[in-house]
file final_16.txt (compact mmCIF, C-alpha atoms)
# COMPACT_ATOMS: atom_id res chain seq x y z
CA MET A 1 -3.75 -3.32 -14.94
CA ARG A 2 -5.23 -1.21 -12.14
CA THR A 3 -2.66 0.84 -10.21
CA ILE A 4 -3.64 2.05 -6.73
CA ALA A 5 -1.69 4.11 -4.19
CA ILE A 6 -2.76 4.07 -0.57
CA HIS A 7 -1.54 7.41 0.66
CA THR A 8 -1.94 10.21 3.16
CA SER A 9 0.39 12.84 4.56
CA LYS A 10 -0.24 11.61 8.13
CA GLY A 11 1.76 8.67 9.45
CA GLY A 12 0.54 5.88 11.70
CA VAL A 13 -2.95 5.56 10.23
CA GLY A 14 -2.72 1.96 9.03
CA LYS A 15 -1.65 2.33 5.40
CA THR A 16 0.47 -0.81 5.40
CA THR A 17 -2.27 -2.86 7.07
CA LEU A 18 -4.58 -1.86 4.23
CA VAL A 19 -1.98 -2.52 1.53
CA VAL A 20 -1.12 -6.09 2.50
CA ASN A 21 -4.65 -7.15 3.41
CA ILE A 22 -6.33 -5.62 0.36
CA ALA A 23 -3.65 -7.31 -1.76
CA TYR A 24 -4.48 -10.62 -0.07
CA GLU A 25 -8.24 -10.24 -0.57
CA LEU A 26 -7.76 -9.34 -4.25
CA ALA A 27 -5.47 -12.33 -4.77
CA ARG A 28 -7.99 -14.63 -3.09
CA GLN A 29 -10.47 -13.50 -5.73
CA GLY A 30 -8.10 -14.78 -8.42
CA ASN A 31 -6.25 -11.56 -9.22
CA ARG A 32 -2.54 -11.25 -9.89
CA VAL A 33 -1.38 -8.56 -7.47
CA LEU A 34 1.93 -6.70 -7.24
CA VAL A 35 2.68 -4.82 -4.01
CA VAL A 36 5.17 -1.98 -4.47
CA ASP A 37 6.79 -0.89 -1.20
CA LEU A 38 7.86 2.75 -1.54
CA ASP A 39 8.15 3.44 2.18
CA ASP A 40 11.73 3.28 3.51
CA GLN A 41 10.39 1.65 6.69
CA ALA A 42 9.55 -1.31 4.41
CA ASN A 43 6.86 -2.76 6.68
CA ALA A 44 4.89 -4.11 3.74
CA SER A 45 7.97 -6.02 2.58
CA LEU A 46 8.42 -7.45 6.08
CA SER A 47 4.77 -8.46 6.35
CA LEU A 48 4.84 -10.19 2.98
CA GLY A 49 7.88 -12.24 3.89
CA VAL A 50 10.53 -10.84 1.57
CA ASN A 51 12.65 -8.81 4.02
CA LYS A 52 14.00 -11.62 6.20
CA ALA A 53 11.62 -10.97 9.09
CA ASP A 54 12.12 -14.50 10.42
CA GLU A 55 15.88 -13.98 10.55
CA ILE A 56 15.56 -10.53 12.12
CA GLU A 57 13.41 -11.93 14.94
CA LYS A 58 16.17 -14.39 15.84
CA VAL A 59 18.93 -11.76 15.95
CA SER A 60 20.74 -11.57 19.29
CA THR A 61 23.66 -9.25 18.48
CA VAL A 62 24.23 -5.97 16.65
CA ARG A 63 26.67 -7.76 14.37
CA GLU A 64 24.00 -10.24 13.25
CA PHE A 65 21.56 -7.41 12.60
CA ARG A 66 24.10 -5.48 10.53
CA LYS A 67 24.84 -8.60 8.52
CA ILE A 68 21.17 -8.88 7.54
CA LEU A 69 21.02 -5.19 6.60
CA ASP A 70 24.19 -5.54 4.54
CA SER A 71 22.58 -8.40 2.61
CA PHE A 72 20.04 -5.95 1.18
CA LYS A 73 22.83 -4.09 -0.63
CA ASP A 74 23.18 -6.90 -3.15
CA ARG A 75 19.46 -7.56 -3.56
CA LYS A 76 17.53 -5.99 -6.40
CA GLU A 77 14.56 -4.04 -5.03
CA VAL A 78 12.36 -1.03 -5.72
CA ILE A 79 15.19 1.52 -5.80
CA ASP A 80 16.97 -0.59 -8.44
CA PHE A 81 13.72 -0.87 -10.37
CA LEU A 82 13.49 2.92 -10.44
CA GLN A 83 17.14 3.31 -11.42
CA LYS A 84 16.95 0.91 -14.34
CA GLU A 85 17.16 2.13 -17.87
CA GLU A 86 14.00 1.82 -19.88
CA TYR A 87 14.05 -1.66 -21.39
CA GLU A 88 11.81 -3.06 -24.08
CA SER A 89 11.20 -6.33 -22.27
CA ALA A 90 9.46 -6.87 -18.94
CA GLU A 91 12.02 -9.56 -18.09
CA GLU A 92 14.61 -6.98 -17.07
CA TYR A 93 12.23 -5.53 -14.52
CA ILE A 94 10.98 -8.83 -13.12
CA THR A 95 14.45 -9.47 -11.62
CA CYS A 96 13.48 -6.96 -8.89
CA ILE A 97 10.22 -8.75 -8.01
CA TYR A 98 9.72 -11.62 -5.55
CA PRO A 99 6.78 -13.86 -4.62
CA ALA A 100 5.19 -13.24 -1.24
CA SER A 101 6.03 -15.95 1.25
CA ASN A 102 4.69 -17.27 4.56
CA TRP A 103 0.94 -16.84 5.09
CA PHE A 104 0.54 -14.42 2.19
CA ARG A 105 1.49 -16.99 -0.42
CA ILE A 106 -1.66 -17.72 -2.40
CA GLU A 107 -2.38 -21.09 -3.96
CA SER A 108 -5.47 -20.35 -5.99
CA GLU A 109 -7.03 -22.38 -8.76
CA GLU A 110 -8.16 -19.05 -10.22
CA GLY A 111 -4.53 -17.97 -10.64
CA GLY A 112 -4.41 -15.35 -7.90
CA LYS A 113 -1.02 -14.45 -6.45
CA ILE A 114 0.89 -11.73 -4.60
CA ASP A 115 4.29 -10.59 -5.77
CA VAL A 116 6.37 -7.91 -4.08
CA LEU A 117 8.63 -5.16 -5.36
CA PRO A 118 10.31 -4.68 -1.98
CA GLY A 119 11.82 -1.68 -0.29
CA SER A 120 14.35 -1.18 2.48
CA TYR A 121 16.46 1.56 4.04
CA ARG A 122 17.90 1.98 0.52
CA THR A 123 14.62 3.53 -0.68
CA ALA A 124 15.95 7.07 -0.53
CA PRO A 125 15.38 10.05 -2.88
CA GLU A 126 19.10 10.71 -3.28
CA GLN A 127 19.51 7.27 -4.86
CA LEU A 128 17.57 8.32 -7.95
CA PRO A 129 19.38 9.92 -10.90
CA LYS A 130 18.69 13.60 -11.47
CA SER A 131 16.12 13.96 -14.21
CA PRO A 132 13.21 16.26 -15.06
CA VAL A 133 11.02 13.15 -15.20
CA ALA A 134 12.40 11.48 -12.07
CA ALA A 135 8.95 11.53 -10.44
CA LYS A 136 7.59 9.46 -13.32
CA PHE A 137 10.18 6.68 -13.38
CA LEU A 138 7.86 4.18 -11.69
CA ASN A 139 4.97 4.90 -14.05
CA ILE A 140 7.21 4.48 -17.09
CA ARG A 141 8.61 1.18 -15.89
CA ILE A 142 5.48 -0.32 -14.35
CA GLN A 143 3.69 -0.13 -17.68
CA LYS A 144 6.07 -2.82 -18.96
CA LEU A 145 4.33 -5.19 -16.54
CA ALA A 146 0.79 -4.38 -17.67
CA THR A 147 0.14 -7.91 -18.92
CA GLU A 148 1.68 -9.52 -15.82
CA TYR A 149 -0.67 -8.13 -13.14
CA ASP A 150 -4.30 -7.22 -12.62
CA TYR A 151 -3.61 -4.88 -9.69
CA VAL A 152 -0.62 -2.92 -8.44
CA ILE A 153 -1.00 -1.71 -4.83
CA MET A 154 1.54 0.87 -3.64
CA ASP A 155 2.51 1.56 -0.04
CA THR A 156 3.83 5.08 0.50
CA ALA A 157 5.62 7.14 3.11
CA PRO A 158 3.70 10.07 4.64
CA SER A 159 6.40 12.50 3.50
CA TYR A 160 6.63 14.17 0.10
CA ASN A 161 9.77 13.52 -1.90
CA VAL A 162 10.53 12.15 -5.34
CA ILE A 163 9.84 8.58 -4.15
CA THR A 164 6.33 9.47 -2.99
CA TRP A 165 5.67 11.43 -6.16
CA ASN A 166 6.59 8.31 -8.13
CA ALA A 167 3.73 6.48 -6.43
CA LEU A 168 1.23 9.24 -7.15
CA TYR A 169 2.25 9.52 -10.81
CA ALA A 170 2.06 5.75 -11.23
CA ALA A 171 -1.35 5.43 -9.55
CA LYS A 172 -4.45 5.67 -11.66
CA TYR A 173 -6.37 5.58 -8.38
CA VAL A 174 -5.64 6.79 -4.85
CA ILE A 175 -7.22 5.79 -1.54
CA ILE A 176 -6.79 8.08 1.47
CA PRO A 177 -6.91 6.40 4.90
CA SER A 178 -7.63 8.73 7.82
CA GLN A 179 -8.22 8.30 11.51
CA MET A 180 -11.26 10.13 12.79
CA GLU A 181 -9.04 12.61 14.64
CA TYR A 182 -8.35 16.28 14.00
CA LEU A 183 -4.69 16.01 12.95
CA SER A 184 -5.35 13.09 10.63
CA ALA A 185 -8.37 14.81 9.09
CA GLN A 186 -6.41 18.02 8.54
CA GLY A 187 -3.75 15.99 6.74
CA ILE A 188 -6.30 15.15 4.05
CA GLN A 189 -6.08 18.74 2.79
CA THR A 190 -2.35 18.46 2.04
CA THR A 191 -2.88 15.05 0.47
CA ARG A 192 -5.73 16.38 -1.67
CA LYS A 193 -3.69 19.34 -2.94
CA ASN A 194 -0.78 17.17 -4.04
CA ILE A 195 -3.01 14.59 -5.69
CA LEU A 196 -4.89 17.32 -7.57
CA ASP A 197 -1.53 18.61 -8.85
CA VAL A 198 -0.87 15.14 -10.27
CA GLN A 199 -4.34 15.07 -11.82
CA ASP A 200 -3.72 18.42 -13.52
CA ASP A 201 -0.31 17.36 -14.80
CA THR A 202 -1.61 14.07 -16.22
CA ARG A 203 -5.01 15.29 -17.43
CA LYS A 204 -6.61 13.06 -14.82
CA THR A 205 -5.07 9.86 -16.13
CA CYS A 206 -3.48 9.48 -12.68
CA GLY A 207 -4.47 10.37 -9.14
CA ASN A 208 -8.19 9.72 -9.30
CA ILE A 209 -9.35 9.63 -5.68
CA LEU A 210 -11.53 6.60 -4.94
CA GLY A 211 -12.38 7.82 -1.46
CA ILE A 212 -11.44 8.06 2.19
CA ILE A 213 -11.30 5.08 4.56
CA PRO A 214 -12.16 5.91 8.20
CA MET A 215 -9.44 4.11 10.17
CA MET A 216 -9.15 2.92 13.78
CA THR A 217 -12.72 3.85 14.63
CA ASP A 218 -14.91 2.38 17.37
CA GLN A 219 -12.66 3.48 20.22
CA PRO A 220 -14.35 3.38 23.65
CA GLY A 221 -15.70 6.77 24.67
CA ARG A 222 -14.90 8.43 21.35
CA ASP A 223 -18.05 7.84 19.32
CA ASN A 224 -18.98 11.53 19.41
CA LEU A 225 -15.52 12.60 18.21
CA ASN A 226 -15.53 9.96 15.46
CA ASN A 227 -18.92 11.13 14.22
CA THR A 228 -17.92 14.80 14.41
CA ILE A 229 -14.73 14.27 12.42
CA GLN A 230 -16.50 12.13 9.85
CA GLY A 231 -19.08 14.90 9.45
CA PHE A 232 -16.25 17.41 9.03
CA ILE A 233 -14.65 15.25 6.33
CA ARG A 234 -17.94 14.81 4.47
CA SER A 235 -18.60 18.56 4.45
CA SER A 236 -15.00 19.54 3.62
CA PHE A 237 -14.51 16.98 0.85
CA PRO A 238 -17.98 16.39 -0.60
CA ASP A 239 -16.55 14.90 -3.80
CA PHE A 240 -14.73 12.12 -1.94
CA PRO A 241 -16.75 8.97 -1.25
CA ILE A 242 -16.41 7.51 2.24
CA PHE A 243 -15.59 3.80 2.44
CA SER A 244 -16.87 1.52 5.17
CA LYS A 245 -15.01 2.05 8.43
CA PHE A 246 -12.14 -0.05 9.72
CA ASN A 247 -12.20 -0.40 13.50
CA ARG A 248 -9.32 -0.24 15.92
CA SER A 249 -8.69 -3.78 17.18
CA ILE A 250 -5.99 -5.60 19.10
CA TYR A 251 -6.34 -8.40 16.55
CA VAL A 252 -4.96 -6.22 13.77
CA GLY A 253 -1.68 -5.96 15.65
CA LYS A 254 -1.72 -9.64 16.57
CA ALA A 255 -2.22 -10.71 12.96
CA SER A 256 0.52 -8.30 11.88
CA ASN A 257 2.94 -9.72 14.47
CA GLU A 258 2.29 -13.18 13.05
CA ARG A 259 2.63 -11.73 9.53
CA MET A 260 -0.75 -13.20 8.66
CA PRO A 261 -3.62 -11.77 6.61
CA LEU A 262 -6.52 -10.82 8.85
CA SER A 263 -8.84 -13.22 7.00
CA LEU A 264 -6.58 -16.17 7.79
CA TYR A 265 -5.98 -15.07 11.37
CA ALA A 266 -9.73 -14.76 11.93
CA GLU A 267 -10.30 -18.39 10.97
CA ASN A 268 -8.92 -19.44 14.36
CA GLU A 269 -9.64 -16.28 16.35
CA THR A 270 -13.30 -15.35 16.61
CA GLY A 271 -12.50 -11.90 18.01
CA ALA A 272 -10.81 -10.96 14.74
CA ARG A 273 -13.75 -11.81 12.51
CA LYS A 274 -15.40 -8.40 12.64
CA VAL A 275 -12.35 -6.46 11.42
CA ALA A 276 -11.56 -9.18 8.87
CA GLU A 277 -15.06 -8.78 7.47
CA GLN A 278 -14.63 -5.01 7.40
CA LEU A 279 -11.49 -5.40 5.30
CA ARG A 280 -13.27 -7.69 2.87
CA ASN A 281 -16.07 -5.12 2.58
CA ILE A 282 -13.56 -2.34 1.89
CA THR A 283 -11.92 -4.46 -0.81
CA ASP A 284 -15.27 -5.19 -2.42
CA GLU A 285 -16.17 -1.49 -2.36
CA LEU A 286 -12.83 -0.65 -3.97
CA VAL A 287 -13.45 -3.08 -6.83
CA GLU A 288 -17.03 -1.84 -7.29
CA ARG A 289 -15.91 1.78 -7.48
CA ILE A 290 -13.24 1.05 -10.05
CA ASN A 291 -15.69 -1.02 -12.09
CA SER A 292 -18.11 1.92 -12.07
CA LEU A 293 -15.39 4.25 -13.40
CA GLU A 294 -14.05 1.98 -16.14
CA PRO A 295 -15.98 1.01 -19.27
call {"tool": "encode", "arguments": {"input": "final_16.txt", "output": "structure tokens"}}
result
Amino acid sequence: MRTIAIHTSKGGVGKTTLVVNIAYELARQGNRVLVVDLDDQANASLSLGVNKADEIEKVSTVREFRKILDSFKDRKEVIDFLQKEEYESAEEYITCIYPASNWFRIESEEGGKIDVLPGSYRTAPEQLPKSPVAAKFLNIRIQKLATEYDYVIMDTAPSYNVITWNALYAAKYVIIPSQMEYLSAQGIQTTRKNILDVQDDTRKTCGNILGIIPMMTDQPGRDNLNNTIQGFIRSSFPDFPIFSKFNRSIYVGKASNERMPLSLYAENETGARKVAEQLRNITDELVERINSLEP
């Protein structure tokens, strides 16, 4: 089981877009994929059809909206997964996991699928019991599912708290998305420091950085800035491979609004085909890099 966190300390760079679409591409290749949503905004859970997005879109009153939010109180999700005692059997943990629905449901002869360990507003640090190993709860529990999944892809918040640390300690590999802008590039330094702390604490069994993905590139009139920032990143972090770029595109937002994988959306929208191909290339590079690191 390959565990991957997509993380950076800068928000709004497209982490969730990468999470759900990489999960989809991996599942299309026949892999069993679990998406773990550790961001309290829970956009990955919404995109993958497990957070009642269809119902939320039809809400017309505050009362109806509150009723939907209240329904999450009784649902088992990622915070309950982290709170659980350590059980011998994986069955106790699977009660918190749901199949992706809508366009992300995979019907593959090769056995590929996407499951979701969803989050919500309940994904809060104060919900975890006090413990010296609280940051490692996810890693301890996720290992019980090692025979159930080929890949675990984790979506994270840009902040650093015990929930985020759980992702980093559970991730054998980390991908850092970054816009080719100064603030986003500077955020890599904070991300790097925290990931290296995890590497040191785990003797490099966790937190191995696969590389940086240049996000939202190809903006009109900003080629020089994009190239300058990418040069800065290459010189500042020479040990970090640079993935293929992922362009800014209106079709990313359109596919997201439809809660569709980019690959599917591009089948009927020619303008989306370039970014869909870029995502497939990024996924292929990810797999190749992991294959090169594992015996």
call {"tool": "residues_around", "arguments": {"input": "final_16.txt", "residues": "Asn257 of chain A", "least_positions_apart": "3", "cutoff": "12 Å", "atoms": "only C-alpha atoms", "output": "VMD selection string"}}
result
chain A and resid 17 43 46 to 49 53 to 54 57 103 250 to 254 260 to 262 265
call {"tool": "write_last_selection", "arguments": {"input": "final_16.txt", "atoms": "C-alpha atoms", "output": "PDB file, in the frame of the given file"}}
result
ATOM      1  CA  THR A  17      -2.270  -2.860   7.070  1.00  0.00           C
ATOM      2  CA  ASN A  43       6.860  -2.760   6.680  1.00  0.00           C
ATOM      3  CA  LEU A  46       8.420  -7.450   6.080  1.00  0.00           C
ATOM      4  CA  SER A  47       4.770  -8.460   6.350  1.00  0.00           C
ATOM      5  CA  LEU A  48       4.840 -10.190   2.980  1.00  0.00           C
ATOM      6  CA  GLY A  49       7.880 -12.240   3.890  1.00  0.00           C
ATOM      7  CA  ALA A  53      11.620 -10.970   9.090  1.00  0.00           C
ATOM      8  CA  ASP A  54      12.120 -14.500  10.420  1.00  0.00           C
ATOM      9  CA  GLU A  57      13.410 -11.930  14.940  1.00  0.00           C
ATOM     10  CA  TRP A 103       0.940 -16.840   5.090  1.00  0.00           C
ATOM     11  CA  ILE A 250      -5.990  -5.600  19.100  1.00  0.00           C
ATOM     12  CA  TYR A 251      -6.340  -8.400  16.550  1.00  0.00           C
ATOM     13  CA  VAL A 252      -4.960  -6.220  13.770  1.00  0.00           C
ATOM     14  CA  GLY A 253      -1.680  -5.960  15.650  1.00  0.00           C
ATOM     15  CA  LYS A 254      -1.720  -9.640  16.570  1.00  0.00           C
ATOM     16  CA  MET A 260      -0.750 -13.200   8.660  1.00  0.00           C
ATOM     17  CA  PRO A 261      -3.620 -11.770   6.610  1.00  0.00           C
ATOM     18  CA  LEU A 262      -6.520 -10.820   8.850  1.00  0.00           C
ATOM     19  CA  TYR A 265      -5.980 -15.070  11.370  1.00  0.00           C
TER      20      TYR A 265
END
call {"tool": "closest_residue", "arguments": {"input": "final_16.txt", "among": "A:Ile213, A:Ala44, A:Ala272, A:Ile22", "to": "Arg259 of chain A", "atoms": "all atoms listed in the file"}}
result
A:Ala44
call {"tool": "residues_around", "arguments": {"input": "final_16.txt", "residues": "Ile94 of chain A", "least_positions_apart": "5", "cutoff": "10 Å", "atoms": "all atoms listed in the file", "output": "compact mmCIF listing (two decimals) with C-alpha atoms, in the coordinates of the input"}}
result
# COMPACT_ATOMS: atom_id res chain seq x y z
CA LYS A 76 17.53 -5.99 -6.40
CA PHE A 81 13.72 -0.87 -10.37
CA SER A 89 11.20 -6.33 -22.27
CA LEU A 117 8.63 -5.16 -5.36
CA LYS A 144 6.07 -2.82 -18.96
CA LEU A 145 4.33 -5.19 -16.54
CA GLU A 148 1.68 -9.52 -15.82
call {"tool": "closest_residue", "arguments": {"input": "final_16.txt", "among": "A:Ile242, A:Asp39, A:Ala23, A:Glu288", "to": "Arg105 of chain A", "atoms": "all atoms listed in the file"}}
result
A:Ala23
call {"tool": "atom_distance", "arguments": {"input": "final_16.txt", "atom1": "atom CA of Thr270 of chain A", "atom2": "atom CA of Pro214 of chain A"}}
result
22.9 Å
call {"tool": "closest_residue", "arguments": {"input": "final_16.txt", "among": "A:Ser249, A:Ser244, A:Gln143, A:Asn161", "to": "Gln127 of chain A", "atoms": "only C-alpha atoms"}}
result
A:Asn161
call {"tool": "atom_distance", "arguments": {"input": "final_16.txt", "atom1": "atom CA of Gly12 of chain A", "atom2": "atom CA of Trp165 of chain A"}}
result
19.4 Å
call {"tool": "atom_distance", "arguments": {"input": "final_16.txt", "atom1": "atom CA of Thr95 of chain A", "atom2": "atom CA of Arg75 of chain A"}}
result
9.7 Å
call {"tool": "residues_around", "arguments": {"input": "final_16.txt", "residues": "Ala185 of chain A", "least_positions_apart": "2", "cutoff": "10 Å", "atoms": "only C-alpha atoms", "output": "PyMOL selection string"}}
result
chain A and resi 8+10+177-183+187-190+214+229-230+232-233+236
call {"tool": "closest_residue", "arguments": {"input": "final_16.txt", "among": "A:Ile282, A:Ile106, A:Ile4, A:Ala157", "to": "Tyr173 of chain A", "atoms": "all atoms listed in the file"}}
result
A:Ile4
call {"tool": "residues_around", "arguments": {"input": "final_16.txt", "residues": "segment 196-198 of chain A", "least_positions_apart": "3", "cutoff": "12 Å", "atoms": "only C-alpha atoms", "output": "list of chain:residue names"}}
result
A:Ala135, A:Lys136, A:Thr164, A:Trp165, A:Asn166, A:Ala167, A:Leu168, A:Tyr169, A:Ala170, A:Ala171, A:Lys172, A:Tyr173, A:Val174, A:Ile188, A:Gln189, A:Thr190, A:Thr191, A:Arg192, A:Lys193, A:Asp201, A:Thr202, A:Arg203, A:Lys204, A:Thr205, A:Cys206, A:Gly207, A:Asn208, A:Ile209
call {"tool": "closest_residue", "arguments": {"input": "final_16.txt", "among": "A:Glu110, A:Asp115, A:Glu267, A:Asp40", "to": "Pro158 of chain A", "atoms": "all atoms listed in the file"}}
result
A:Asp40
call {"tool": "closest_residue", "arguments": {"input": "final_16.txt", "among": "A:Arg2, A:Lys113, A:Lys245, A:Arg122", "to": "Pro99 of chain A", "atoms": "all atoms listed in the file"}}
result
A:Lys113
call {"tool": "axis_aligned_box", "arguments": {"input": "final_16.txt", "around": "segment 185-192 of chain A", "padding_each_side": "6 Å", "output": "AutoDock Vina command-line options"}}
result
--center_x -5.4 --center_y 16.8 --center_z 3.7 --size_x 18.0 --size_y 15.9 --size_z 22.8
